[in-house]
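A.B. asks: Below is coords.cif; it holds mmCIF, C-alpha atoms and all ligand atoms.
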```cif
data_query
#
loop_
_atom_site.label_atom_id
_atom_site.label_comp_id
_atom_site.auth_asym_id
_atom_site.auth_seq_id
_atom_site.Cartn_x
_atom_site.Cartn_y
_atom_site.Cartn_z
CA MET A 192 20.52 106.89 -11.64
CA GLY A 193 24.24 107.63 -11.40
CA GLY A 194 26.04 104.65 -9.92
CA ALA A 195 23.08 102.32 -9.80
CA GLY A 196 23.88 100.63 -13.09
CA LYS A 197 26.80 98.46 -11.97
CA ILE A 198 25.11 97.18 -8.84
CA LEU A 199 21.88 96.48 -10.62
CA LYS A 200 23.79 94.44 -13.19
CA LYS A 201 25.19 92.32 -10.41
CA GLY A 202 21.71 92.10 -8.93
CA LEU A 203 20.73 93.63 -5.63
CA GLY A 204 19.30 90.32 -4.53
CA GLU A 205 22.66 88.61 -4.86
CA MET A 206 24.42 91.02 -2.58
CA GLY A 207 25.85 89.74 0.69
CA PHE A 208 23.58 91.69 2.99
CA THR A 209 20.36 90.39 1.50
CA SER A 210 21.50 86.79 1.48
CA GLY A 211 21.04 85.73 5.12
CA GLY A 212 18.30 83.33 6.10
CA GLY A 213 19.25 80.11 4.32
CA ASN A 214 17.48 78.48 1.42
CA ILE A 215 14.13 79.85 0.38
CA ASN A 216 11.25 77.53 -0.36
CA TRP A 217 9.09 79.54 -2.70
CA PHE A 218 6.78 76.69 -3.60
CA PRO A 219 4.29 75.63 -0.95
CA GLY A 220 2.85 72.11 -1.29
CA HIS A 221 -0.60 72.99 -2.59
CA MET A 222 0.79 74.83 -5.62
CA ALA A 223 1.85 71.73 -7.52
CA ALA A 224 -1.69 70.32 -7.45
CA ALA A 225 -3.17 73.75 -8.23
CA THR A 226 -0.82 74.16 -11.21
CA ARG A 227 -1.91 70.78 -12.60
CA ALA A 228 -5.58 71.70 -12.16
CA ILE A 229 -5.04 75.08 -13.86
CA ASN A 230 -3.21 73.48 -16.78
CA ALA A 231 -6.03 70.98 -17.27
CA ARG A 232 -8.68 73.72 -17.33
CA LEU A 233 -6.59 75.97 -19.57
CA LYS A 234 -7.12 73.50 -22.39
CA LEU A 235 -10.85 74.28 -22.23
CA ALA A 236 -10.57 78.05 -21.80
CA ASP A 237 -11.73 80.32 -24.62
CA LEU A 238 -9.81 83.26 -23.22
CA VAL A 239 -7.38 83.85 -20.38
CA ILE A 240 -7.03 86.99 -18.32
CA GLU A 241 -3.52 86.78 -16.97
CA VAL A 242 -3.36 89.08 -13.97
CA ARG A 243 0.03 90.55 -13.16
CA ASP A 244 1.13 93.15 -10.66
CA SER A 245 1.68 96.55 -12.31
CA ARG A 246 4.69 97.13 -10.08
CA ILE A 247 6.41 94.06 -11.52
CA PRO A 248 4.98 93.46 -15.02
CA LEU A 249 7.62 90.82 -15.86
CA SER A 250 8.57 89.40 -12.48
CA SER A 251 4.93 88.61 -11.75
CA ALA A 252 4.63 86.37 -14.82
CA ASN A 253 4.48 82.68 -13.98
CA GLN A 254 7.10 81.45 -16.48
CA ASP A 255 5.90 77.83 -16.45
CA LEU A 256 2.43 78.88 -17.61
CA GLN A 257 3.73 81.17 -20.37
CA PRO A 258 4.13 78.58 -23.17
CA ARG A 259 0.49 77.53 -22.81
CA LEU A 260 -0.82 81.06 -22.22
CA SER A 261 0.88 82.39 -25.32
CA THR A 262 -1.12 79.95 -27.48
CA LYS A 263 -4.45 81.15 -26.06
CA ARG A 264 -6.49 84.28 -26.56
CA ARG A 265 -4.95 86.25 -23.74
CA VAL A 266 -5.27 89.66 -22.13
CA ILE A 267 -2.66 90.69 -19.60
CA ALA A 268 -4.29 92.76 -16.86
CA LEU A 269 -1.65 94.81 -15.08
CA ASN A 270 -3.52 95.15 -11.82
CA LYS A 271 -2.95 97.51 -8.89
CA LYS A 272 -2.15 100.31 -11.29
CA ASP A 273 -2.98 102.72 -8.46
CA LEU A 274 0.29 101.57 -6.84
CA ALA A 275 2.42 101.82 -9.99
CA ASN A 276 4.25 104.84 -11.30
CA PRO A 277 1.94 106.31 -13.99
CA ASN A 278 4.88 108.03 -15.70
CA ILE A 279 6.42 104.67 -16.55
CA MET A 280 3.24 102.66 -17.02
CA HIS A 281 2.76 103.83 -20.59
CA LYS A 282 6.22 102.45 -21.49
CA TRP A 283 5.05 99.03 -20.35
CA VAL A 284 1.88 99.34 -22.41
CA ASP A 285 4.08 100.20 -25.43
CA TYR A 286 6.38 97.28 -24.60
CA PHE A 287 3.54 94.73 -24.55
CA SER A 288 2.01 96.24 -27.64
CA SER A 289 5.35 95.88 -29.47
CA CYS A 290 5.26 92.19 -28.42
CA LYS A 291 1.76 92.04 -29.99
CA GLN A 292 0.29 91.21 -26.62
CA ASP A 293 -2.96 92.80 -25.44
CA CYS A 294 -2.42 94.41 -22.09
CA LEU A 295 -4.38 96.82 -19.94
CA PRO A 296 -3.37 98.50 -16.67
CA ILE A 297 -6.31 98.17 -14.28
CA ASN A 298 -7.43 98.71 -10.72
CA ALA A 299 -9.62 95.79 -9.67
CA HIS A 300 -11.40 98.02 -7.17
CA SER A 301 -12.50 100.45 -9.86
CA ARG A 302 -15.60 99.54 -11.82
CA SER A 303 -14.78 101.82 -14.75
CA SER A 304 -11.34 100.31 -15.06
CA VAL A 305 -12.67 96.73 -15.03
CA GLN A 306 -15.39 97.76 -17.47
CA LYS A 307 -12.66 98.65 -20.00
CA LEU A 308 -11.09 95.22 -19.51
CA LEU A 309 -14.48 93.57 -20.11
CA GLU A 310 -14.91 95.52 -23.33
CA LEU A 311 -11.55 94.22 -24.52
CA VAL A 312 -12.46 90.66 -23.52
CA GLU A 313 -15.78 90.91 -25.36
CA LEU A 314 -14.03 92.25 -28.43
CA LYS A 315 -11.58 89.36 -28.44
CA LEU A 316 -14.40 86.87 -28.00
CA LYS A 317 -16.68 88.51 -30.57
CA GLU A 318 -16.66 85.64 -33.07
CA LYS A 319 -17.03 83.00 -30.39
CA ILE A 320 -19.89 84.89 -28.71
CA ALA A 321 -21.76 84.76 -32.01
CA LYS A 322 -21.22 81.00 -32.39
CA GLU A 323 -20.81 79.17 -29.10
CA PRO A 324 -23.52 78.47 -26.49
CA THR A 325 -21.05 78.45 -23.59
CA LEU A 326 -17.76 80.25 -23.08
CA LEU A 327 -15.07 79.92 -20.46
CA VAL A 328 -12.80 82.76 -19.35
CA MET A 329 -10.01 81.87 -16.93
CA VAL A 330 -8.29 84.28 -14.58
CA VAL A 331 -4.78 83.16 -13.68
CA GLY A 332 -1.67 84.62 -12.10
CA VAL A 333 0.77 84.48 -9.22
CA PRO A 334 -0.63 84.88 -5.67
CA ASN A 335 -2.06 88.13 -4.36
CA VAL A 336 -2.16 90.03 -7.65
CA GLY A 337 -5.90 90.64 -7.28
CA LYS A 338 -7.51 87.84 -9.31
CA SER A 339 -10.39 87.34 -6.88
CA ALA A 340 -10.93 91.08 -6.44
CA LEU A 341 -11.12 91.36 -10.23
CA ILE A 342 -13.61 88.46 -10.45
CA ASN A 343 -15.84 90.13 -7.84
CA CYS A 344 -15.82 93.37 -9.80
CA ILE A 345 -16.60 91.55 -13.07
CA HIS A 346 -19.41 89.66 -11.35
CA GLN A 347 -20.79 92.89 -9.92
CA ILE A 348 -20.82 94.55 -13.34
CA ALA A 349 -22.46 91.43 -14.81
CA SER A 350 -25.20 91.35 -12.18
CA SER A 351 -26.17 94.91 -12.98
CA ARG A 352 -26.51 93.89 -16.64
CA PHE A 353 -28.62 90.78 -16.17
CA PRO A 354 -30.15 89.00 -13.19
CA VAL A 355 -27.66 86.44 -11.98
CA GLN A 356 -29.14 83.82 -9.67
CA GLU A 357 -25.94 83.57 -7.70
CA LYS A 358 -25.78 87.32 -7.02
CA LYS A 359 -24.45 86.90 -3.52
CA LYS A 360 -21.62 84.61 -4.53
CA ARG A 361 -18.32 86.33 -3.93
CA ALA A 362 -14.73 85.25 -4.23
CA LYS A 363 -12.73 85.55 -1.03
CA VAL A 364 -10.21 88.39 -1.17
CA GLY A 365 -7.44 88.99 1.35
CA PRO A 366 -4.20 90.89 1.88
CA LEU A 367 -1.98 87.81 2.20
CA PRO A 368 -1.04 85.44 -0.63
CA GLY A 369 -2.73 82.03 -0.85
CA VAL A 370 -6.33 83.09 -0.12
CA THR A 371 -7.92 81.18 -3.01
CA GLN A 372 -7.29 77.47 -2.70
CA ASP A 373 -9.76 76.03 -5.23
CA ILE A 374 -10.89 76.82 -8.72
CA ALA A 375 -14.37 78.39 -8.67
CA GLY A 376 -16.71 79.44 -11.48
CA PHE A 377 -18.85 82.58 -11.70
CA LYS A 378 -21.53 83.04 -14.33
CA ILE A 379 -21.34 86.49 -15.87
CA ALA A 380 -23.59 86.25 -18.95
CA GLN A 381 -26.50 84.37 -20.49
CA ARG A 382 -26.87 83.54 -24.19
CA PRO A 383 -24.15 82.62 -24.56
CA SER A 384 -23.46 81.52 -21.03
CA ILE A 385 -20.11 82.95 -20.02
CA TYR A 386 -18.31 81.61 -16.98
CA VAL A 387 -15.29 83.20 -15.35
CA LEU A 388 -13.00 80.91 -13.38
CA ASP A 389 -11.11 82.15 -10.34
CA THR A 390 -7.95 80.14 -9.70
CA PRO A 391 -5.45 79.84 -6.85
CA GLY A 392 -2.32 81.96 -7.32
CA VAL A 393 0.60 79.80 -8.40
CA LEU A 394 4.35 80.39 -8.52
CA VAL A 395 6.94 78.33 -10.38
CA PRO A 396 8.71 75.59 -8.37
CA SER A 397 12.06 77.33 -8.68
CA ILE A 398 12.24 81.06 -9.14
CA PRO A 399 14.96 81.74 -11.76
CA ASP A 400 16.81 84.44 -9.86
CA ILE A 401 16.75 85.74 -6.32
CA GLU A 402 15.92 89.28 -7.40
CA THR A 403 12.69 88.14 -9.09
CA GLY A 404 11.87 86.36 -5.84
CA LEU A 405 12.59 89.45 -3.77
CA LYS A 406 10.40 91.59 -6.02
CA LEU A 407 7.57 89.05 -5.69
CA ALA A 408 8.05 89.07 -1.93
CA LEU A 409 8.13 92.87 -1.76
CA SER A 410 4.90 93.07 -3.73
CA GLY A 411 3.25 90.48 -1.48
CA SER A 412 3.07 87.42 -3.75
CA VAL A 413 5.17 85.33 -1.40
CA LYS A 414 4.48 85.02 2.32
CA ASP A 415 6.80 87.36 4.25
CA SER A 416 7.93 84.52 6.49
CA VAL A 417 9.33 82.63 3.49
CA VAL A 418 11.93 85.30 2.70
CA GLY A 419 11.97 87.21 6.00
CA GLU A 420 10.72 90.76 6.50
CA GLU A 421 14.19 92.12 7.23
CA ARG A 422 15.66 90.78 4.05
CA ILE A 423 12.77 92.20 2.00
CA ALA A 424 13.15 95.59 3.71
CA GLN A 425 16.92 95.58 3.09
CA TYR A 426 16.32 94.80 -0.56
CA PHE A 427 13.77 97.60 -0.88
CA LEU A 428 16.18 100.06 0.75
CA ALA A 429 18.89 98.95 -1.67
CA VAL A 430 16.52 99.59 -4.59
CA LEU A 431 15.53 103.02 -3.27
CA ASN A 432 19.12 104.09 -2.65
CA THR A 433 20.57 102.88 -5.93
CA ARG A 434 17.74 104.62 -7.78
CA GLN A 435 18.27 107.63 -5.51
CA THR A 436 14.53 107.85 -5.04
CA PRO A 437 14.74 109.42 -1.53
CA LEU A 438 16.37 112.50 -3.07
CA HIS A 439 12.96 113.26 -4.60
CA TRP A 440 11.57 113.52 -1.07
CA ARG A 441 13.44 116.71 -0.26
CA ASN A 442 10.27 118.80 -0.02
CA VAL A 443 8.73 116.30 2.37
CA HIS A 444 11.87 116.53 4.48
CA ASN A 445 11.91 120.34 4.42
CA ASN A 446 8.23 120.55 5.39
CA ASN A 447 8.81 118.11 8.22
CA THR A 448 11.80 120.08 9.51
CA LEU A 449 9.76 123.29 9.32
CA LYS A 450 6.94 121.72 11.33
CA GLU A 451 9.39 120.49 13.95
CA MET A 452 10.84 124.01 14.27
CA GLN A 453 7.35 125.52 14.61
CA ASN A 454 6.53 123.01 17.34
CA GLU A 455 9.73 123.88 19.17
CA ASN A 456 8.92 127.59 18.92
CA ARG A 457 5.44 126.98 20.24
CA ASN A 458 6.94 125.20 23.22
CA ASP A 459 9.39 128.06 23.77
CA ASP A 460 6.51 130.59 23.78
CA LYS A 461 5.04 128.82 26.76
CA HIS A 462 7.71 130.36 28.96
CA ASP A 463 6.21 133.79 28.50
CA TYR A 464 3.24 134.66 30.63
CA ASN A 465 0.25 134.83 28.38
CA LEU A 466 -3.34 135.67 29.24
CA LYS A 467 -4.42 132.88 26.95
CA ASP A 468 -2.72 130.39 29.25
CA LEU A 469 -5.28 131.17 31.90
CA LEU A 470 -8.21 130.37 29.68
CA PRO A 471 -9.47 126.79 29.58
CA LYS A 472 -7.48 125.09 26.85
CA ARG A 473 -9.37 123.85 23.83
CA ARG A 474 -8.73 120.19 23.65
CA THR A 475 -6.59 119.40 20.63
CA LEU A 476 -8.41 116.86 18.58
CA PRO A 477 -6.86 113.44 18.40
CA VAL A 478 -5.37 112.65 15.00
CA ALA A 479 -8.21 113.33 12.59
CA SER A 480 -8.23 109.81 11.18
CA ASN A 481 -6.12 106.80 10.76
CA VAL A 482 -5.41 107.90 7.21
CA HIS A 483 -3.86 111.15 8.38
CA TYR A 484 -1.84 109.28 10.94
CA VAL A 485 -0.47 106.83 8.36
CA GLU A 486 0.33 109.66 5.99
CA GLY A 487 2.19 111.46 8.76
CA VAL A 488 4.24 108.33 9.44
CA ALA A 489 4.97 107.92 5.73
CA ARG A 490 6.28 111.49 5.59
CA GLU A 491 8.53 110.81 8.58
CA VAL A 492 9.91 107.75 6.83
CA GLN A 493 10.50 109.62 3.58
CA SER A 494 12.19 112.43 5.46
CA ALA A 495 14.46 109.98 7.33
CA LEU A 496 15.48 108.29 4.08
CA TYR A 497 16.09 111.63 2.40
CA SER A 498 18.39 112.90 5.15
CA THR A 499 20.35 109.65 5.48
CA LEU A 500 20.92 109.38 1.74
CA SER A 501 21.68 113.06 1.16
CA GLU A 502 24.21 113.09 4.01
CA PHE A 503 25.82 109.84 2.89
CA LYS A 504 29.36 110.45 1.68
CA GLY A 505 30.15 106.89 0.60
CA ASP A 506 29.98 105.22 -2.78
CA LEU A 507 26.61 103.68 -3.62
CA GLU A 508 28.27 101.40 -6.14
CA ASP A 509 30.24 99.72 -3.39
CA GLU A 510 28.26 96.90 -1.81
CA ASN A 511 29.86 97.33 1.64
CA GLN A 512 29.22 101.06 1.71
CA LEU A 513 25.65 100.58 0.57
CA GLU A 514 25.24 98.16 3.44
CA ILE A 515 26.54 100.78 5.90
CA LEU A 516 23.97 103.27 4.58
CA ILE A 517 21.18 100.71 4.91
CA GLU A 518 22.19 100.04 8.52
CA GLU A 519 22.05 103.78 9.24
CA GLN A 520 18.63 103.89 7.62
CA PHE A 521 17.32 101.09 9.83
CA VAL A 522 18.26 103.25 12.85
CA ALA A 523 16.67 106.35 11.30
CA LEU A 524 13.52 104.39 10.38
CA GLN A 525 13.19 103.09 13.93
CA LYS A 526 13.09 106.67 15.14
CA ALA A 527 10.74 107.80 12.38
CA LEU A 528 8.40 104.91 13.10
CA LYS A 529 8.61 105.63 16.84
CA ILE A 530 9.68 102.14 17.75
CA SER A 531 11.40 101.95 21.12
CA SER A 532 15.09 101.15 20.82
CA LYS A 533 14.57 98.73 23.70
CA ALA A 534 12.12 96.62 21.78
CA THR A 535 13.72 93.21 21.28
CA GLU A 536 12.11 92.78 17.92
CA ALA A 537 12.78 96.39 16.89
CA ARG A 538 14.39 95.53 13.55
CA MET A 539 11.58 93.19 12.63
CA MET A 540 8.98 95.79 13.64
CA VAL A 541 10.73 98.45 11.54
CA SER A 542 10.78 96.09 8.55
CA LYS A 543 7.11 95.16 8.90
CA LYS A 544 5.90 98.75 9.19
CA PHE A 545 8.13 99.90 6.35
CA LEU A 546 6.81 97.16 4.06
CA THR A 547 3.22 97.93 5.02
CA LEU A 548 3.71 101.56 4.00
CA PHE A 549 5.18 100.54 0.65
CA ARG A 550 2.44 98.01 -0.07
CA ALA A 551 -0.29 100.52 0.74
CA GLY A 552 1.29 102.95 -1.73
CA LYS A 553 2.05 105.46 1.04
CA LEU A 554 5.67 105.89 -0.07
CA GLY A 555 4.53 106.73 -3.58
CA PRO A 556 3.95 104.72 -6.75
CA PHE A 557 6.70 102.40 -7.96
CA ILE A 558 7.53 100.07 -10.82
CA LEU A 559 10.33 97.74 -9.75
CA ASP A 560 10.98 95.99 -13.07
CA ASP A 561 12.87 97.72 -15.86
CA VAL A 562 11.27 97.92 -19.29
CA PRO A 563 13.27 95.57 -21.55
CA ASN A 564 15.20 97.27 -24.27
CA LEU A 565 13.71 95.79 -27.41
CA GLU A 566 16.57 96.88 -29.66
CA SER A 567 19.17 94.96 -27.69
N1 LIG B 601 -4.29 98.83 -4.25
C1 LIG B 601 -4.90 97.81 -4.85
N2 LIG B 601 -5.13 96.69 -4.15
C2 LIG B 601 -5.75 95.68 -4.79
C3 LIG B 601 -6.15 95.76 -6.14
N3 LIG B 601 -6.71 94.58 -6.49
C4 LIG B 601 -6.66 93.79 -5.39
N4 LIG B 601 -6.09 94.45 -4.37
C5 LIG B 601 -5.82 93.94 -3.02
O1 LIG B 601 -4.83 92.94 -3.15
C6 LIG B 601 -5.02 91.92 -2.17
C7 LIG B 601 -5.10 90.56 -2.86
O2 LIG B 601 -6.30 90.47 -3.61
P1 LIG B 601 -6.92 89.06 -4.02
O3 LIG B 601 -8.03 89.34 -4.98
O4 LIG B 601 -7.23 88.24 -2.83
O5 LIG B 601 -5.68 88.42 -4.79
P2 LIG B 601 -5.58 87.00 -5.50
O6 LIG B 601 -4.77 87.16 -6.73
O7 LIG B 601 -6.94 86.41 -5.66
O8 LIG B 601 -4.74 86.20 -4.40
P3 LIG B 601 -4.64 84.58 -4.20
O9 LIG B 601 -6.03 84.04 -4.09
O10 LIG B 601 -3.88 84.46 -2.93
O11 LIG B 601 -3.88 84.06 -5.37
C8 LIG B 601 -6.30 92.30 -1.42
O12 LIG B 601 -5.92 92.97 -0.25
C9 LIG B 601 -7.01 93.24 -2.39
O13 LIG B 601 -7.86 94.15 -1.73
C10 LIG B 601 -5.89 96.98 -6.86
O14 LIG B 601 -6.16 97.15 -8.04
N5 LIG B 601 -5.25 97.95 -6.15
MG MG B 602 -7.77 84.72 -4.92
#
```
Step by step, read the file and then write its structure as C-alpha cells.

C.D. replies:
Amino acid sequence: MGGAGKILKKGLGEMGFTSGGGNINWFPGHMAAATRAINARLKLADLVIEVRDSRIPLSSANQDLQPRLSTKRRVIALNKKDLANPNIMHKWVDYFSSCKQDCLPINAHSRSSVQKLLELVELKLKEKIAKEPTLLVMVVGVPNVGKSALINCIHQIASSRFPVQEKKKRAKVGPLPGVTQDIAGFKIAQRPSIYVLDTPGVLVPSIPDIETGLKLALSGSVKDSVVGEERIAQYFLAVLNTRQTPLHWRNVHNNNTLKEMQNENRNDDKHDYNLKDLLPKRRTLPVASNVHYVEGVAREVQSALYSTLSEFKGDLEDENQLEILIEEQFVALQKALKISSKATEARMMVSKKFLTLFRAGKLGPFILDDVPNLES
C-alpha cells in the first residue's frame, strides 16, 4: 500500500481532480415515494433479505433503512460475489459475524449459491413456519445490486419444489439502476404460504460523503450521467494507483510485450522469399468470440496501467502528481482501447469502456470498501 494511507484518509473523492461537474443529485424523484412504500411494508415483513454489493459491503448499505432493518430478522446477502476479491471476502464475513449479523456472499445467477441463502432464511424462520399460515420475506437494497435477479432465482428454485401457478412470472432485471419501479410479490411456498417481495432500489436523499457516492457510482448503483463517466473513471484510477494494483499486472504486461515482439518478427520474416508465401493463405479466423476479444482488450488495459504506474517517478501521495499520472493513463488507455485520438468524445469513450470492463469483472475481482477495524 505504501503511500496510499494519507491520501485515502483525505478521501480520494474529495480530491480536486474528481470534483468537477457541479452538485450531484443522487436522489431521483421516485425514490422518496418508494422509500415510504418500503418502510410501510417492512412493518409487516417476517424477514428481510438486505442485498448489498460484495464489492462495497458498507457503502451499499442504505443508512436510512438501517435502524428499521436492524430490528427485523435480517440476512445480508453480499451479492455479485463473483466480482469481489475472494481473498478479502472472508474478512467481511468475519466482520459481520463479529457484529452478530447473518451475512452470506452470493451470486444471484448461481442456483447453488441462492439455495444456501434459502436454507439460512428457512432456518431463521423455522419457528414462524411452524406457526403462521402466511409469511412475508422482503428483499431490499440500493439500486442494481441484484435484488430482482435474486428473486427470479428464488422463484425458480421454488417452482421446482412445488407447482407454482405463476411459474412464468419473472422480475425484470437489467444492467442499469432503477429497473424495478414497483413493489411486486412472488409466491415461493405453500403451507405456509411464503411470499417474497421485490422492491425498487432506493438510495438515501443525501449521501454522507462523496467517496461513498463514487463507490456506488462505480459499482453501478447510481446512473453514470448523475456523476459523470469521466469522474468515475478518474476515481477508479486513483483507487487503483494508490493501492498499486496495476503492479500486480506485470505478467500480463510482459506477455503482451512478448506477443507484440512475436508479431513484429512475423512481419519481418515476410521480407524473405518463402515458398509458403506462394501457397494460398489460410484465412485467419476472426476473433474466436466476443469473450476473447473483451479479454484481449482487458489485458491491453492492464498492461497500459502497469507500464504507466511502474514508470511513474512522482509521489503518489501528492494529489497533483497523482493527477498527472491519471492524465497519462487516460492517454495510454485511449491507445489500449483503440479509440482514435481524433474522436471528439475520446475521453468519454475511454471512461465508458474502462468502466464497462471493471463492471464485467474483466479487470479482476475487487472490494472497494475497507474492513472496519473493530478494535479501534
Ligand atoms: N456478475 C453478477 N451480476 C449480477 C449478479 N446479480 C445480478 N447481476 C446483474 O446485475 C444487474 C442488476 O440486476 P437487477 O436484479 O436488475 O438489480 P436490482 O437490484 O433489482 O436493481 P433495481 O431494480 O434497479 O433496484 C443485472 O445486469 C444482473 O444481471 C451477480 O451475482 N453477479
Ligand atoms: Mg430490480

A.B. asks: When distances are computed from only C-alpha atoms, which of A:Ala340, A:Ala534, A:Ile247, A:Val417 shows the smallest separation from Ile279 (chain A)?

C.D. replies: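 Nearest candidate to Ile279 (chain A) out of A:Ala340, A:Ala534, A:Ile247, A:Val417: A:Ile247.
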
A.B. asks: Would you work out the distance separating atom O5 of ligand LIG 601 (chain B) from CA of Gly365 (chain A), expressed in Å to one decimal?

C.D. replies: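 These two atoms are separated by 6.4 Å.
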
A.B. asks: Name each residue within 6 Å of ligand LIG 601 (chain B), counting all atoms listed in the file, as a ChimeraX atom specification.

C.D. replies: /A:270-271,273-274,298-300,334-340,364-366,368-371,391-392

A.B. asks: Considering all atoms listed in the file, state which residue in the set A:Ala362, A:Pro219, A:Ser303, A:Ile229 is at the smallest distance from ligand MG 602 (chain B).

C.D. replies: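 Ranked by minimum distance to ligand MG 602 (chain B), first place goes to A:Ala362.
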
A.B. asks: Set the distance at 10 Å and use all atoms listed in the file: which residues neighbour Leu405 (chain A) once local chain neighbours fewer than 6 positions away are removed? I'd like the list as a list in words.

C.D. replies: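 Counting all atoms listed in the file, the residues come to Leu203, Gly204, Thr209, Ser250, Ile398, Gly411, Ser412, Val413, Val418, Arg422, Ile423, Ala424, Tyr426 and Phe427 of chain A.
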
A.B. asks: What is the CA of Arg361 (chain A)-CA of Asn343 (chain A) distance in Å, reported with one decimal?

C.D. replies: 6.0 Å

A.B. asks: Excluding Lys234 (chain A) and residues on its chain fewer than 5 positions from it, collect all residues at most 12 Å away from it, counting all atoms listed in the file, and give them as a PyMOL selection string.

C.D. replies: chain A and resi 227-229+239+256+259-260+262-264+327-329

A.B. asks: Can you measure CA of Ser289 (chain A) to CA of Leu565 (chain A) for me? One decimal in Å is fine.

C.D. replies: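 Between CA of Ser289 (chain A) and CA of Leu565 (chain A) the gap works out to 8.6 Å.
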
A.B. asks: For Gln525 (chain A), find every residue with an atom within 9 Å (counting only C-alpha atoms), except residues of its own chain fewer than 5 positions away, and show them as a ChimeraX atom specification.

C.D. replies: /A:520,530-532,537-538,540-541

A.B. asks: Can you tell me which residues surround Gln493 (chain A) at a distance of at most 10 Å, considering all atoms listed in the file, apart from same-chain residues fewer than 4 positions away, and format the answer as a list of chain:residue names?

C.D. replies: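 Selected residues are A:Thr436, A:Pro437, A:Leu438, A:His439, A:Trp440, A:Arg441, A:Asn442, A:Val443, A:His444, A:Asn447, A:Gly487, A:Val488, A:Ala489, A:Tyr497, A:Ser498, A:Leu524, A:Ala527, A:Lys553, A:Leu554, A:Gly555.
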
A.B. asks: Measuring atom to atom with only C-alpha atoms and all ligand atoms, identify which of A:Ser245, A:Gln372, A:Gln347, A:Thr325 is nearest to ligand MG 602 (chain B).

C.D. replies: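 With only C-alpha atoms and all ligand atoms as the atom set, the closest residue is A:Gln372.
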
A.B. asks: Go through A:Ala495, A:Met452, A:Leu341, A:Leu516 and flag the residue nearest ligand MG 602 (chain B), using all atoms listed in the file for the distances.

C.D. replies: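 Under the stated criterion, the closest residue is A:Leu341.
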